[in-house]
Structure formats: C-alpha cells, structure tokens
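K.L.:
What follows is start_31.txt, made up of compact mmCIF, C-alpha atoms:
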# COMPACT_ATOMS: atom_id res chain seq x y z
CA LEU X 27 7.05 68.70 115.36
CA ALA X 28 5.37 68.35 111.97
CA TYR X 29 3.81 64.94 111.46
CA GLY X 30 3.86 63.03 108.18
CA ALA X 31 1.96 59.89 109.01
CA GLY X 32 0.37 57.79 106.30
CA SER X 33 0.55 59.46 102.88
CA SER X 34 0.70 62.98 104.30
CA VAL X 35 3.77 65.20 104.48
CA GLY X 36 4.65 67.16 107.61
CA ASN X 37 6.47 70.42 106.83
CA ILE X 38 7.95 73.21 108.94
CA THR X 39 8.17 76.58 107.15
CA PHE X 40 9.59 79.92 108.31
CA THR X 41 9.47 83.10 106.20
CA ASP X 42 10.84 86.42 107.53
CA PHE X 43 10.73 84.98 111.03
CA ARG X 44 13.02 85.41 114.05
CA LEU X 45 13.20 82.81 116.83
CA ASN X 46 15.82 82.95 119.59
CA VAL X 47 15.52 80.12 122.10
CA ALA X 48 17.38 80.50 125.41
CA GLY X 49 17.56 76.70 125.73
CA ASP X 50 17.64 73.74 123.35
CA LEU X 51 15.57 73.38 120.19
CA ASN X 52 14.35 70.30 118.30
CA LEU X 53 12.87 70.68 114.80
CA THR X 54 11.37 67.45 113.44
CA ALA X 55 9.54 67.34 110.11
CA GLY X 56 7.96 64.24 108.66
CA TRP X 57 7.86 62.04 111.74
CA ASP X 58 5.47 59.13 111.20
CA GLY X 59 4.70 58.94 114.91
CA VAL X 60 6.42 55.58 115.24
CA SER X 61 9.89 55.52 113.72
CA THR X 62 12.94 56.08 115.91
CA SER X 63 15.46 56.05 113.06
CA THR X 64 17.49 59.05 111.93
CA PRO X 65 16.26 60.80 109.79
CA VAL X 66 12.91 60.36 111.38
CA SER X 67 11.03 58.68 108.51
CA ALA X 68 11.34 57.63 104.90
CA PRO X 69 12.30 60.24 102.26
CA THR X 70 9.42 62.26 100.73
CA ARG X 71 8.04 62.85 104.21
CA GLY X 72 8.81 66.18 105.81
CA ASN X 73 10.55 69.36 104.70
CA ILE X 74 12.03 72.21 106.72
CA VAL X 75 12.12 75.50 104.81
CA LEU X 76 13.71 78.80 105.90
CA THR X 77 13.19 81.77 103.59
CA GLY X 78 14.48 85.30 103.85
CA SER X 79 12.12 87.27 101.64
CA THR X 80 12.04 90.84 102.97
CA PHE X 81 13.51 90.89 106.48
CA GLY X 82 15.26 87.55 106.74
CA THR X 83 14.79 84.43 108.86
CA SER X 84 16.92 83.51 111.87
CA ILE X 85 16.44 80.43 114.06
CA GLN X 86 18.83 80.37 117.03
CA ALA X 87 19.18 78.16 120.09
CA VAL X 88 21.77 76.66 122.43
CA ASN X 89 21.86 72.99 121.39
CA MET X 90 19.98 72.22 118.18
CA ASP X 91 18.63 68.94 116.76
CA VAL X 92 17.12 69.20 113.26
CA GLN X 93 15.57 66.24 111.44
CA ALA X 94 13.71 66.21 108.13
CA GLY X 95 12.54 63.12 106.32
CA ASN X 96 12.96 64.83 102.95
CA ASN X 97 14.65 68.23 102.46
CA LEU X 98 16.14 71.10 104.44
CA THR X 99 16.12 74.29 102.36
CA LEU X 100 17.48 77.76 103.16
CA THR X 101 16.88 80.53 100.61
CA GLY X 102 17.93 84.19 100.71
CA GLY X 103 16.00 87.11 99.29
CA SER X 104 16.83 89.60 96.53
CA GLY X 105 16.29 93.28 95.79
CA SER X 106 18.14 96.19 97.38
CA GLY X 107 18.17 98.15 100.62
CA SER X 108 20.44 99.89 103.13
CA GLY X 109 19.83 98.15 106.46
CA SER X 110 22.40 96.51 108.75
CA PHE X 111 20.84 93.10 108.06
CA GLY X 112 19.92 91.66 104.69
CA PRO X 113 17.11 89.17 103.91
CA GLY X 114 19.12 86.03 104.61
CA ALA X 115 18.28 82.74 106.31
CA MET X 116 20.15 81.18 109.23
CA LEU X 117 20.15 78.14 111.51
CA SER X 118 22.51 78.86 114.39
CA SER X 119 23.41 77.18 117.68
CA THR X 120 25.69 78.43 120.42
CA GLY X 121 26.20 74.83 121.53
CA THR X 122 26.11 71.54 119.64
CA GLN X 123 24.22 71.05 116.40
CA THR X 124 22.97 67.84 114.80
CA ILE X 125 21.20 67.89 111.43
CA ALA X 126 19.94 64.69 109.76
CA VAL X 127 18.07 64.93 106.44
CA GLY X 128 16.71 62.06 104.35
CA ASN X 129 17.25 63.66 100.96
CA GLN X 130 18.80 67.07 100.26
CA ILE X 131 20.19 70.04 102.13
CA LEU X 132 20.06 73.04 99.80
CA LEU X 133 21.44 76.48 100.66
CA THR X 134 20.78 79.12 97.99
CA ALA X 135 21.90 82.68 98.71
CA GLY X 136 19.90 85.55 97.26
CA ASN X 137 21.03 88.50 95.12
CA PHE X 138 20.62 91.35 97.59
CA ASN X 139 22.42 94.64 96.94
CA ASN X 140 22.97 96.58 100.17
CA THR X 141 23.55 100.23 99.30
CA GLY X 142 24.47 101.26 102.85
CA TYR X 143 26.65 98.48 104.27
CA SER X 144 29.23 96.00 102.97
CA GLY X 145 31.98 93.72 104.18
CA SER X 146 30.03 91.08 106.11
CA SER X 147 27.67 88.25 105.17
CA GLN X 148 24.97 89.74 107.43
CA TYR X 149 24.60 92.67 105.04
CA GLY X 150 23.57 90.44 102.15
CA SER X 151 21.02 87.68 101.69
CA SER X 152 23.38 84.99 102.94
CA VAL X 153 22.23 81.52 103.96
CA VAL X 154 24.05 80.01 106.94
CA ILE X 155 24.14 76.88 109.03
CA GLU X 156 26.50 77.42 111.96
CA ALA X 157 27.39 75.96 115.34
CA MET X 158 29.68 77.21 118.06
CA GLY X 159 29.96 73.66 119.43
CA ALA X 160 30.40 70.26 117.79
CA GLN X 161 28.55 70.05 114.46
CA THR X 162 27.26 66.87 112.77
CA ILE X 163 25.37 67.06 109.46
CA SER X 164 24.18 64.21 107.24
CA ALA X 165 22.13 64.01 104.03
CA THR X 166 22.02 62.24 100.69
CA THR X 167 23.02 65.45 98.90
CA ILE X 168 24.27 68.81 100.14
CA LYS X 169 24.37 71.83 97.80
CA LEU X 170 25.61 75.35 98.55
CA VAL X 171 24.98 78.02 95.91
CA ALA X 172 26.22 81.59 96.33
CA GLY X 173 24.43 84.67 95.04
CA THR X 174 24.72 85.65 91.38
CA ALA X 175 24.49 89.43 91.83
CA GLY X 176 24.78 92.07 94.54
CA HIS X 177 27.35 91.56 97.31
CA ASP X 178 27.91 89.62 100.55
CA ASN X 179 25.51 86.89 99.45
CA SER X 180 27.24 83.75 100.71
CA ALA X 181 26.17 80.14 101.32
CA THR X 182 28.04 78.64 104.26
CA ILE X 183 28.16 75.76 106.71
CA MET X 184 30.45 76.70 109.60
CA GLY X 185 31.47 74.85 112.72
CA SER X 186 33.39 76.68 115.45
CA GLY X 187 33.60 73.80 117.92
CA SER X 188 36.02 70.93 118.37
CA THR X 189 34.59 68.81 115.54
CA GLN X 190 32.75 69.29 112.28
CA ASN X 191 31.47 66.11 110.61
CA ILE X 192 29.74 66.36 107.22
CA THR X 193 28.37 63.15 105.66
CA VAL X 194 26.80 62.67 102.21
CA THR X 195 25.97 59.49 100.32
CA SER X 196 25.46 60.94 96.81
CA SER X 197 27.06 64.37 96.30
CA LEU X 198 28.47 67.47 97.96
CA GLU X 199 28.41 70.51 95.66
CA LEU X 200 29.58 74.09 96.22
CA THR X 201 29.17 76.83 93.60
CA GLY X 202 30.59 80.34 93.85
CA GLY X 203 28.72 83.42 92.70
CA ALA X 204 28.21 84.11 89.00
CA GLY X 205 28.37 87.88 89.53
CA GLY X 206 28.70 90.63 92.10
CA GLU X 207 31.34 90.25 94.80
CA ALA X 208 31.88 88.43 98.10
CA ASN X 209 29.36 85.88 96.87
CA TYR X 210 31.03 82.66 97.97
CA ALA X 211 30.20 79.11 99.03
CA TRP X 212 32.15 77.71 101.99
CA ILE X 213 32.19 74.80 104.39
CA GLY X 214 34.61 75.56 107.19
CA ALA X 215 35.84 74.48 110.60
CA SER X 216 36.89 77.69 112.30
CA GLY X 217 37.33 76.55 115.90
CA ASN X 218 40.82 77.01 117.33
CA LEU X 219 41.44 73.24 117.38
CA GLY X 220 38.60 72.27 115.04
CA VAL X 221 38.81 68.86 113.38
CA GLN X 222 36.90 68.71 110.08
CA THR X 223 35.86 65.38 108.56
CA ILE X 224 34.09 65.19 105.20
CA ASN X 225 32.57 61.71 104.80
CA ALA X 226 31.72 61.35 101.11
CA GLY X 227 33.14 57.88 100.47
CA GLY X 228 31.57 56.60 97.25
CA ALA X 229 30.01 60.03 96.62
CA ASN X 230 31.04 62.99 94.47
CA ILE X 231 32.48 66.27 95.71
CA ILE X 232 32.20 69.08 93.15
CA LEU X 233 33.64 72.56 93.77
CA THR X 234 33.00 75.25 91.16
CA GLY X 235 34.34 78.78 91.46
CA GLY X 236 32.31 81.81 90.46
CA ALA X 237 31.68 82.34 86.75
CA SER X 238 32.40 86.08 86.94
CA GLY X 239 32.73 89.03 89.29
CA GLY X 240 34.51 89.12 92.62
CA ALA X 241 37.17 91.51 93.87
CA TRP X 242 40.40 91.47 95.88
CA ASP X 243 39.65 89.85 99.25
CA ARG X 244 35.98 89.63 98.19
CA GLU X 245 36.14 86.58 95.97
CA ASN X 246 33.31 84.59 94.42
CA SER X 247 34.81 81.27 95.46
CA ALA X 248 33.84 77.71 96.43
CA ASP X 249 35.95 76.21 99.21
CA ILE X 250 36.05 73.55 101.91
CA GLY X 251 38.63 74.13 104.59
CA LEU X 252 39.90 75.31 107.94
CA GLY X 253 39.32 78.95 108.81
CA ASP X 254 42.00 81.48 109.71
CA THR X 255 41.07 81.19 113.41
CA ASN X 256 41.79 77.46 113.35
CA THR X 257 45.38 77.15 114.51
CA GLY X 258 45.64 73.54 115.64
CA GLY X 259 42.99 71.39 113.93
CA SER X 260 43.00 69.14 110.89
CA GLN X 261 41.03 68.23 107.77
CA THR X 262 40.24 64.72 106.52
CA VAL X 263 38.27 64.13 103.31
CA TYR X 264 36.88 60.81 102.08
CA ALA X 265 35.40 60.83 98.58
CA GLY X 266 34.53 58.71 95.58
CA ASN X 267 35.38 61.43 93.06
CA ILE X 268 36.52 65.02 93.51
CA THR X 269 36.10 67.64 90.77
CA ILE X 270 37.53 71.15 91.21
CA ASN X 271 36.71 73.80 88.62
CA GLY X 272 38.17 77.26 89.21
CA GLY X 273 35.54 78.85 86.97
CA GLY X 274 35.57 82.38 85.58
CA ASN X 275 38.19 84.00 83.42
CA SER X 276 41.19 86.32 83.74
CA THR X 277 39.04 89.11 85.23
CA THR X 278 37.27 86.94 87.82
CA TRP X 279 38.27 86.91 91.47
CA GLY X 280 37.20 83.50 92.66
CA GLY X 281 38.48 79.97 92.35
CA ALA X 282 37.75 76.72 94.17
CA GLY X 283 39.54 74.21 96.36
CA PHE X 284 40.39 72.81 99.77
CA GLY X 285 42.44 74.95 102.10
CA SER X 286 43.97 75.77 105.44
CA ASP X 287 45.01 79.34 106.16
CA ASN X 288 47.51 78.18 108.79
CA GLY X 289 49.09 75.22 107.00
CA LEU X 290 47.44 72.57 109.18
CA SER X 291 47.36 68.82 108.56
CA ARG X 292 45.11 67.69 105.69
CA SER X 293 44.47 64.16 104.41
CA PHE X 294 42.52 63.03 101.33
CA TYR X 295 41.29 59.51 100.54
CA VAL X 296 39.79 59.32 97.03
CA THR X 297 38.73 55.98 95.56
CA GLY X 298 37.87 57.36 92.11
CA ASN X 299 39.06 60.38 90.15
CA LEU X 300 40.55 63.68 91.29
CA THR X 301 39.99 66.21 88.50
Would you encode the structure as structure tokens?

P.N.:
Amino acid sequence: LAYGAGSSVGNITFTDFRLNVAGDLNLTAGWDGVSTSTPVSAPTRGNIVLTGSTFGTSIQAVNMDVQAGNNLTLTGGSGSGSGSFGPGAMLSSTGTQTIAVGNQILLTAGNFNNTGYSGSSQYGSSVVIEAMGAQTISATTIKLVAGTAGHDNSATIMGSGSTQNITVTSSLELTGGAGGEANYAWIGASGNLGVQTINAGGANIILTGGASGGAWDRENSADIGLGDTNTGGSQTVYAGNITINGGGNSTTWGGAGFGSDNGLSRSFYVTGNLT
C-alpha cells in the first residue's frame, strides 16, 4: 500500500525489480485511508510505475488486484545486448487480474536491440499486462505504444482466461512501431473460449499502424482481437468513434485493425464515426 492522504501522493515504483508471489498480490497506490471506491481515491493521488531500465521489471502473482488513483505506467528500456531477456516491464497473473486506474494506463515499449536472440517479446524491451484467468481493466485512458527501433519491442494487454473486459471513458489508443521489426501494439483474448469485451461507449478508439519498418510475420502493427489459440470465443466492441489508420507506406509491414485468426463472432456498436 502507498498512502495518499491529504494533499500527498502515494506512489509505488519498481525499477529493474523481480517479484514472484506464490499467492495473491494487491497493489494499491493513492489510498486516502478512508475511501472504499474503485479506484481507491480521487485522480492525482497515487501512481504505480514499472520500469525496465537495464535488467527489466517483472511482477508476478496468482490472483492480482491493482489500484491506482492516478496512473499506471509500464516503460521498457533501450540500448543493446545479447541476453535471453530484454529490459522490459511486466504485470502478470496466473489467475484472475483486476486493474482499476483513475486516470491513465500507459504502456511504452523501449527500443532494445538484442544481438543474440529474436522471435519473442521476451527478447526485447516489451511492456506487458497479462492474465491467465479472467481479466478486468478500467481507466479513463489506455495507451499502448510499441518500440520505434530494435526488435521484439511490443506493448500488449493479453488475457488467456474465459473473459477479458477492457473499459475506458475517454480513449483507447494503440500505436505500432515507427521502426525496427516485431514492434507491435496488441490487446488480445487468447484463451481457447475467451470472450473479449471492449467497453468504450462514448469514448474514442484509435488504432495506428507502424510508420515504417516491420517484416514478414514480424509486423509493426496495432490490433485488438482474438488470438490464434482462441477457437471458440467472441469479440464485442462498444465505442463512440473508431479511427483505424494503417500507417506506413508500400515498404512497411504493419497495419491496424480488429481481428480474429479463426473467424470467430465479432460485433461492433459505434454511436459516432467509423473512419
């Protein structure tokens, strides 16, 4: 717990830190000591920050409850190296995961260039929020930004359980990498029967593919969808406005959109513009 009573701000910060909890984990930043609402107190109180600078940060538990009165920020590192793990940042639960944030969730991948390994997000400075069980995430704004150089620098929110519920009240933005390759932004439900619901009614969803770079099967893309291991789930999207910009040019491997690798049911309810 990090208190934020009165005019103070209670923050929780991890830099190049590994924590693996055999049981459940609660992270609460900005609690005023009184409020029982979710998020725990008014915005401007409480930030949770995970930074992968040199070695990376990984916070893992069984069931996870994360609450921040203000922002939740995950940032990957840069530079180069040849290890089997890059300087990324990860919040991961093997069970259920609930994240409630008063203001913004921001995932910004780094620009790491791994000279010894490639082909997996763990080799880059990827930033990841993932749950093997049911996943529920809410914030005013959620932004995922992929790396702009190097490779395997992704920004992802992944749920592998029966349900993935993402709620925003202002905007949901995904931006693919502006260079390098396999630098993508993705929100996905990858459970076998995973049901994905994006609740952005009255809010904006903006997907922007990478400005350059990418390669065959290593795209710099921005996508929301159902993973290739999801063979019986569905996707439902509620939005005020949806803007999809493929980005790049004729030499860019990227693009943006909503998808299902296995042709599963998808429904969209848009009250404004689809562009």

K.L.:
Taking only residues of stretch 191-214 of chain X that have an atom at most 9 Å from an atom of stretch 273-279 of chain X, what is each one's shortest atom pair and its distance in Å to one decimal, using only C-alpha atoms, in chain and number order, as JSON lines?

P.N.:
{"residue": "X:Gly202", "atom": "CA", "partner": "X:Gly273", "partner_atom": "CA", "distance": 8.6}
{"residue": "X:Ala204", "atom": "CA", "partner": "X:Gly274", "partner_atom": "CA", "distance": 8.3}
{"residue": "X:Glu207", "atom": "CA", "partner": "X:Trp279", "partner_atom": "CA", "distance": 8.4}

K.L.:
Could you build a table of the residues in stretch 148-210 of chain X lying no more than 9 Å from stretch 233-251 of chain X, giving for each the nearest pair of atoms and their separation in Å rounded to one decimal place, using only C-alpha atoms, ordered by chain and ascending residue number, as JSON lines?

P.N.:
{"residue": "X:Leu170", "atom": "CA", "partner": "X:Ala248", "partner_atom": "CA", "distance": 8.8}
{"residue": "X:Val171", "atom": "CA", "partner": "X:Ala248", "partner_atom": "CA", "distance": 8.9}
{"residue": "X:Ala172", "atom": "CA", "partner": "X:Asn246", "partner_atom": "CA", "distance": 7.9}
{"residue": "X:Gly173", "atom": "CA", "partner": "X:Asn246", "partner_atom": "CA", "distance": 8.9}
{"residue": "X:Thr174", "atom": "CA", "partner": "X:Gly236", "partner_atom": "CA", "distance": 8.6}
{"residue": "X:Ala175", "atom": "CA", "partner": "X:Gly239", "partner_atom": "CA", "distance": 8.6}
{"residue": "X:His177", "atom": "CA", "partner": "X:Arg244", "partner_atom": "CA", "distance": 8.9}
{"residue": "X:Asp178", "atom": "CA", "partner": "X:Arg244", "partner_atom": "CA", "distance": 8.4}
{"residue": "X:Ser180", "atom": "CA", "partner": "X:Asn246", "partner_atom": "CA", "distance": 8.8}
{"residue": "X:Leu198", "atom": "CA", "partner": "X:Leu233", "partner_atom": "CA", "distance": 8.4}
{"residue": "X:Glu199", "atom": "CA", "partner": "X:Leu233", "partner_atom": "CA", "distance": 5.9}
{"residue": "X:Leu200", "atom": "CA", "partner": "X:Leu233", "partner_atom": "CA", "distance": 5.0}
{"residue": "X:Thr201", "atom": "CA", "partner": "X:Thr234", "partner_atom": "CA", "distance": 4.8}
{"residue": "X:Gly202", "atom": "CA", "partner": "X:Gly236", "partner_atom": "CA", "distance": 4.1}
{"residue": "X:Gly203", "atom": "CA", "partner": "X:Gly236", "partner_atom": "CA", "distance": 4.5}
{"residue": "X:Ala204", "atom": "CA", "partner": "X:Ala237", "partner_atom": "CA", "distance": 4.5}
{"residue": "X:Gly205", "atom": "CA", "partner": "X:Gly239", "partner_atom": "CA", "distance": 4.5}
{"residue": "X:Gly206", "atom": "CA", "partner": "X:Gly239", "partner_atom": "CA", "distance": 5.2}
{"residue": "X:Glu207", "atom": "CA", "partner": "X:Gly240", "partner_atom": "CA", "distance": 4.0}
{"residue": "X:Ala208", "atom": "CA", "partner": "X:Arg244", "partner_atom": "CA", "distance": 4.3}
{"residue": "X:Asn209", "atom": "CA", "partner": "X:Asn246", "partner_atom": "CA", "distance": 4.8}
{"residue": "X:Tyr210", "atom": "CA", "partner": "X:Asn246", "partner_atom": "CA", "distance": 4.6}

K.L.:
Mind checking which residues fall within 7 Å of X:Ala94, counting all atoms listed in the file, ignoring those fewer than 4 positions away in the same chain, and posting them as number ranges by chain?

P.N.:
X: 54-56, 65-66, 72-74, 98, 126-128

K.L.:
In terms of the shortest atom-to-atom distance over only C-alpha atoms, which of X:Thr167, X:Ser260, X:Thr297, X:Ser106 is closest to X:Gly142?

P.N.:
X:Ser106

K.L.:
Using atom CA of X:Gly214 and atom CA of X:Thr255 as the two end points, give the distance in Å to one decimal.

P.N.:
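According to the coordinates, atom CA of X:Gly214 and atom CA of X:Thr255 are separated by 10.6 Å.
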
K.L.:
Find the residue from X:Gly36, X:Gly136, X:Gly121, X:Gly281 that sits nearest to X:Thr77; use only C-alpha atoms when measuring.

P.N.:
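Of X:Gly36, X:Gly136, X:Gly121, X:Gly281, the one nearest X:Thr77, counting only C-alpha atoms, is X:Gly136.
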
K.L.:
To one decimal place, how far is atom CA of X:Thr122 from atom CA of X:Thr101 in Å?

P.N.:
23.0 Å

K.L.:
Pick from X:Ser104, X:Asn97, X:Thr269, X:Thr80: nearest to X:Leu132, with only C-alpha atoms counted?

P.N.:
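So, comparing all the options, the nearest one is X:Asn97.
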
K.L.:
Using all atoms listed in the file, find the one residue out of X:Ser119, X:Thr141, X:Gln261, X:Ser146 that sits nearest to X:Thr189.

P.N.:
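Among the listed residues, X:Gln261 lies closest to X:Thr189.
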
K.L.:
Kindly provide, as a VMD selection string, the polymer residues lying within 6 Å of (25.0, 89.8, 99.1), counting all atoms listed in the file and using the coordinates exactly as they appear in the file.

P.N.:
chain X and resid 137 to 139 150 to 151 176 to 179

K.L.:
When distances are computed from only C-alpha atoms, which of X:Ala115, X:Ala160, X:Val263, X:Leu252 shows the smallest separation from X:Thr41?

P.N.:
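Counting only C-alpha atoms, the residue closest to X:Thr41 is X:Ala115.
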
K.L.:
For a test of reading the model, state the distance in Å between atom CA of X:Asn140 and atom CA of X:Trp212, rounded to one decimal.

P.N.:
21.1 Å

K.L.:
Taking all atoms listed in the file into account, name the residue in X:Ala48, X:Ala282, X:Ala211, X:Ile268 that is nearest to X:Ala87.

P.N.:
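Closest to X:Ala87, using all atoms listed in the file: X:Ala48.
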
K.L.:
Please write as a list in words the list of polymer residues whose atoms come within 12 Å of (41.1, 83.9, 108.7), counting only C-alpha atoms and keeping to the coordinates of the file.

P.N.:
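Using only C-alpha atoms, the matching residues come out as Gly214, Ala215, Ser216, Gly217, Asn218, Asp243, Gly251, Leu252, Gly253, Asp254, Thr255, Asn256, Thr257, Gly285, Ser286, Asp287, Asn288 and Gly289 of chain X.
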
K.L.:
Kindly complete stretch 158-169 of chain X to all heavy atoms; the output should be written as a short mmCIF file (atom, residue, chain, number, x, y, z; two decimals), in the coordinates of the input.

P.N.:
data_model
loop_
_atom_site.label_atom_id
_atom_site.label_comp_id
_atom_site.auth_asym_id
_atom_site.auth_seq_id
_atom_site.Cartn_x
_atom_site.Cartn_y
_atom_site.Cartn_z
N MET X 158 28.51 76.87 117.26
CA MET X 158 29.68 77.21 118.06
C MET X 158 30.29 75.98 118.72
O MET X 158 31.46 75.97 119.11
CB MET X 158 29.30 78.23 119.13
CG MET X 158 28.78 79.55 118.58
SD MET X 158 30.00 80.41 117.55
CE MET X 158 31.20 80.86 118.80
N GLY X 159 29.49 74.92 118.87
CA GLY X 159 29.96 73.66 119.43
C GLY X 159 30.15 72.62 118.35
O GLY X 159 30.21 72.93 117.16
N ALA X 160 30.24 71.36 118.74
CA ALA X 160 30.40 70.26 117.79
C ALA X 160 29.24 70.23 116.80
O ALA X 160 28.08 70.40 117.18
CB ALA X 160 30.50 68.94 118.54
N GLN X 161 29.56 70.00 115.53
CA GLN X 161 28.55 70.05 114.46
C GLN X 161 28.57 68.74 113.67
O GLN X 161 29.63 68.30 113.21
CB GLN X 161 28.84 71.22 113.52
CG GLN X 161 27.82 71.42 112.41
CD GLN X 161 28.23 72.58 111.49
OE1 GLN X 161 29.31 72.57 110.93
NE2 GLN X 161 27.36 73.57 111.38
N THR X 162 27.39 68.12 113.53
CA THR X 162 27.26 66.87 112.77
C THR X 162 26.11 67.02 111.80
O THR X 162 24.97 67.28 112.21
CB THR X 162 27.00 65.67 113.71
OG1 THR X 162 28.07 65.56 114.65
CG2 THR X 162 26.90 64.39 112.90
N ILE X 163 26.38 66.86 110.50
CA ILE X 163 25.37 67.06 109.46
C ILE X 163 25.41 65.88 108.51
O ILE X 163 26.49 65.49 108.04
CB ILE X 163 25.62 68.37 108.70
CG1 ILE X 163 25.53 69.57 109.65
CG2 ILE X 163 24.63 68.53 107.55
CD1 ILE X 163 25.89 70.89 109.00
N SER X 164 24.24 65.33 108.18
CA SER X 164 24.18 64.21 107.24
C SER X 164 22.99 64.37 106.31
O SER X 164 21.92 64.84 106.70
CB SER X 164 24.10 62.87 107.98
OG SER X 164 22.92 62.81 108.77
N ALA X 165 23.18 63.96 105.04
CA ALA X 165 22.13 64.01 104.03
C ALA X 165 22.57 63.16 102.84
O ALA X 165 23.74 62.77 102.74
CB ALA X 165 21.86 65.44 103.59
N THR X 166 21.65 62.90 101.94
CA THR X 166 22.02 62.24 100.69
C THR X 166 22.84 63.20 99.84
O THR X 166 23.91 62.85 99.33
CB THR X 166 20.76 61.79 99.94
OG1 THR X 166 20.01 60.89 100.75
CG2 THR X 166 21.13 61.10 98.63
N THR X 167 22.36 64.42 99.70
CA THR X 167 23.02 65.45 98.90
C THR X 167 23.06 66.76 99.67
O THR X 167 22.08 67.12 100.34
CB THR X 167 22.26 65.67 97.57
OG1 THR X 167 22.24 64.45 96.82
CG2 THR X 167 22.90 66.77 96.74
N ILE X 168 24.16 67.46 99.58
CA ILE X 168 24.27 68.81 100.14
C ILE X 168 24.75 69.74 99.03
O ILE X 168 25.76 69.45 98.37
CB ILE X 168 25.25 68.87 101.32
CG1 ILE X 168 24.77 67.98 102.48
CG2 ILE X 168 25.43 70.31 101.80
CD1 ILE X 168 25.72 67.94 103.66
N LYS X 169 24.02 70.84 98.82
CA LYS X 169 24.37 71.83 97.80
C LYS X 169 24.40 73.22 98.41
O LYS X 169 23.46 73.62 99.09
CB LYS X 169 23.38 71.81 96.63
CG LYS X 169 23.37 70.53 95.82
CD LYS X 169 22.40 70.64 94.64
CE LYS X 169 22.40 69.38 93.80
NZ LYS X 169 21.47 69.47 92.64
#
